[in-house]
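> Below you will find the structure I want to go over with you.
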Amino acid sequence: MNGVVGRSGGLTGIQPPDRPPDPRTPAEILLADLLRAEGLEERRVYRPGEVCRLLRISPTTLRLFC
């Protein structure tokens, strides 16, 4: 390895992505699908009953989660 030039192989040919992948994207897609299925509009805040419908859980379960 002392001064070797022109070596090929490894990861030298792979270009880095323009930006790192956004981990929120799958969650946002799932939320949009759930909202569409339940007929709810996209908002920043949801009432507890709407959250229960989206997650398909009971109000008691939601209170336990909280």
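Going through the structure tokens in order, the chains are called A, B, and so on, while each chain numbers its residues from 1 and the ligands are numbered from 1 in the order shown.
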Report the residues of chain A whose backbone DSSP state falls under helix (DSSP H, G or I), written as a count of residues only.

30

> Can you list, as a PDB file with all heavy atoms, in the first residue's frame, every protein, DNA or RNA residue that comes within 8 Å of stretch 27-41 of chain A when you count only C-alpha atoms, leaving out same-chain residues fewer than 3 positions away?


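Result saved to out.pdb:
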```
ATOM      1  N   PRO A  23     -36.079  10.007   6.373  1.00  0.00           N
ATOM      2  CA  PRO A  23     -36.751   8.892   7.038  1.00  0.00           C
ATOM      3  C   PRO A  23     -38.239   9.128   7.265  1.00  0.00           C
ATOM      4  O   PRO A  23     -38.985   8.200   7.528  1.00  0.00           O
ATOM      5  CB  PRO A  23     -36.015   8.774   8.376  1.00  0.00           C
ATOM      6  CG  PRO A  23     -35.467  10.129   8.620  1.00  0.00           C
ATOM      7  CD  PRO A  23     -35.148  10.696   7.248  1.00  0.00           C
ATOM      8  N   ARG A  24     -38.678  10.374   7.149  1.00  0.00           N
ATOM      9  CA  ARG A  24     -40.100  10.659   7.361  1.00  0.00           C
ATOM     10  C   ARG A  24     -40.963  10.264   6.178  1.00  0.00           C
ATOM     11  O   ARG A  24     -42.155  10.092   6.313  1.00  0.00           O
ATOM     12  CB  ARG A  24     -40.294  12.142   7.654  1.00  0.00           C
ATOM     13  CG  ARG A  24     -39.658  12.584   8.955  1.00  0.00           C
ATOM     14  CD  ARG A  24     -39.791  14.058   9.128  1.00  0.00           C
ATOM     15  NE  ARG A  24     -39.049  14.699   8.046  1.00  0.00           N
ATOM     16  CZ  ARG A  24     -39.105  15.983   7.760  1.00  0.00           C
ATOM     17  NH1 ARG A  24     -39.855  16.767   8.452  1.00  0.00           N
ATOM     18  NH2 ARG A  24     -38.392  16.475   6.786  1.00  0.00           N
ATOM     19  N   ARG A  53     -59.523   6.319  15.032  1.00  0.00           N
ATOM     20  CA  ARG A  53     -59.945   5.800  13.723  1.00  0.00           C
ATOM     21  C   ARG A  53     -58.747   5.496  12.844  1.00  0.00           C
ATOM     22  O   ARG A  53     -58.697   4.455  12.185  1.00  0.00           O
ATOM     23  CB  ARG A  53     -60.849   6.813  13.013  1.00  0.00           C
ATOM     24  CG  ARG A  53     -62.264   6.801  13.518  1.00  0.00           C
ATOM     25  CD  ARG A  53     -63.144   7.859  12.900  1.00  0.00           C
ATOM     26  NE  ARG A  53     -63.044   7.984  11.451  1.00  0.00           N
ATOM     27  CZ  ARG A  53     -63.478   9.040  10.765  1.00  0.00           C
ATOM     28  NH1 ARG A  53     -64.040  10.043  11.406  1.00  0.00           N
ATOM     29  NH2 ARG A  53     -63.360   9.078   9.465  1.00  0.00           N
ATOM     30  N   LEU A  54     -57.775   6.412  12.811  1.00  0.00           N
ATOM     31  CA  LEU A  54     -56.602   6.216  11.956  1.00  0.00           C
ATOM     32  C   LEU A  54     -55.776   5.010  12.386  1.00  0.00           C
ATOM     33  O   LEU A  54     -55.299   4.238  11.556  1.00  0.00           O
ATOM     34  CB  LEU A  54     -55.711   7.461  11.965  1.00  0.00           C
ATOM     35  CG  LEU A  54     -56.250   8.670  11.229  1.00  0.00           C
ATOM     36  CD1 LEU A  54     -55.348   9.869  11.469  1.00  0.00           C
ATOM     37  CD2 LEU A  54     -56.355   8.384   9.753  1.00  0.00           C
TER      38      LEU A  54
END
```

> At what distance in Å, to one decimal, does atom CA of A:Glu42 lie from atom CA of A:Thr60?

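It comes out at 24.3 Å.
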
> Calculate how many Å separate atom CA of A:Pro26 from atom CA of A:Val45, rounding to one decimal.

19.2 Å

> Would you work out the distance separating atom CA of A:Glu50 from atom CA of A:Leu62, expressed in Å to one decimal?

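Calculated distance between atom CA of A:Glu50 and atom CA of A:Leu62 is 10.9 Å.
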
> With only C-alpha atoms as the counted atoms, please give the residues lying no more than 12 Å from A:Cys66, apart from itself and same-chain residues fewer than 6 positions off, as number ranges by chain.

A: 48, 51, 59-60
